[in-house]
Every structure is written in structure tokens, then in C-alpha cells.
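Taking it in order: structure first as C-alpha cells, then the write-up.
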Amino acid sequence: MKVWGWILVILGSLSVLGSIIGGSSPAGVFFIVFGAYLLHRAKQKEIERKEKEEWSKTKE
């Protein structure tokens with residue numbers, strides 16, 4: 001998820017930049033937002049995994 005998030009953010013940014021230069025509507029904003037969501041979700045899953053690991057260590 002993390003890699004796809006960065007890919008979408010980069011491609012979305014390039015798309016928005018191209019649409020600004022070309023004068024069309026910036027449809028790449030969707031990809032930037034979706035990529036940012038994927039990055040956020042990947043970070044949350046990592047935090048949850050660490051908390052679960054800590055919890056299982058303290059339980060023993």
C-alpha cells in the first residue's frame with residue numbers, strides 16, 4: 001500500500017502540473033488524495049501492528 005500511495009501521489013502531481021500548463025481540468029487531484037489516503041492507512045496499519053506486538057509481549 002505504501003508503494004502504491006507514493007506512486008499515485010507522484011503521478012497525480014504530474015497530472016495536475018500538466019493540466020495547469022495545458023489549461024484543462026485537474027483530474028489528477030483524485031490520485032493525490034487517494035495516494036495520501038493509502039499512505040495514511042499504511043502508517044495506521046504499522047502502528048496497529050506494533051501495538052499488537054507490544055500487547056502480546058506484555059501478556060506473556
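Scheme for the C-alpha cells: letters A, B, ... for chains in order shown; per-chain residue numbers from 1; ligand numbers from 1 in order shown.
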Please provide the set of residues having any atom within 8 Å of stretch 10-12 of chain A, restricted to only C-alpha atoms, with same-chain residues fewer than 3 positions apart removed, written as number ranges by chain. A: 6-7, 15-16, 28-32
Nearest to A:Leu8, chosen from A:Ser56, A:Glu51, A:Tyr37, A:Gln44, with only C-alpha atoms counted in the distances: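 Smallest distance to A:Leu8 is found for A:Tyr37.
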For a test of reading the model, state the distance in Å between atom CA of A:Gly35 and atom CA of A:Ser19, rounded to one decimal.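 About the pair atom CA of A:Gly35 and atom CA of A:Ser19: they are 18.3 Å apart.
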I'd like to know which of A:Ile20, A:Ile47, A:Val9, A:Leu14 is closest to A:Val33, using only C-alpha atoms.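 Comparing A:Ile20, A:Ile47, A:Val9, A:Leu14 against A:Val33, the winner is A:Val9.
Closest approach to A:Pro26 among A:Met1, A:Leu38, A:Ser13, A:Lys45 is made by A:Ser13 (distances from only C-alpha atoms).
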Which residues are near A:Leu39? Cut-off 6 Å, only C-alpha atoms, ignore same chain within fewer than 2 positions. Put them as a VMD selection string. chain A and resid 2 5 36 to 37 41 to 42
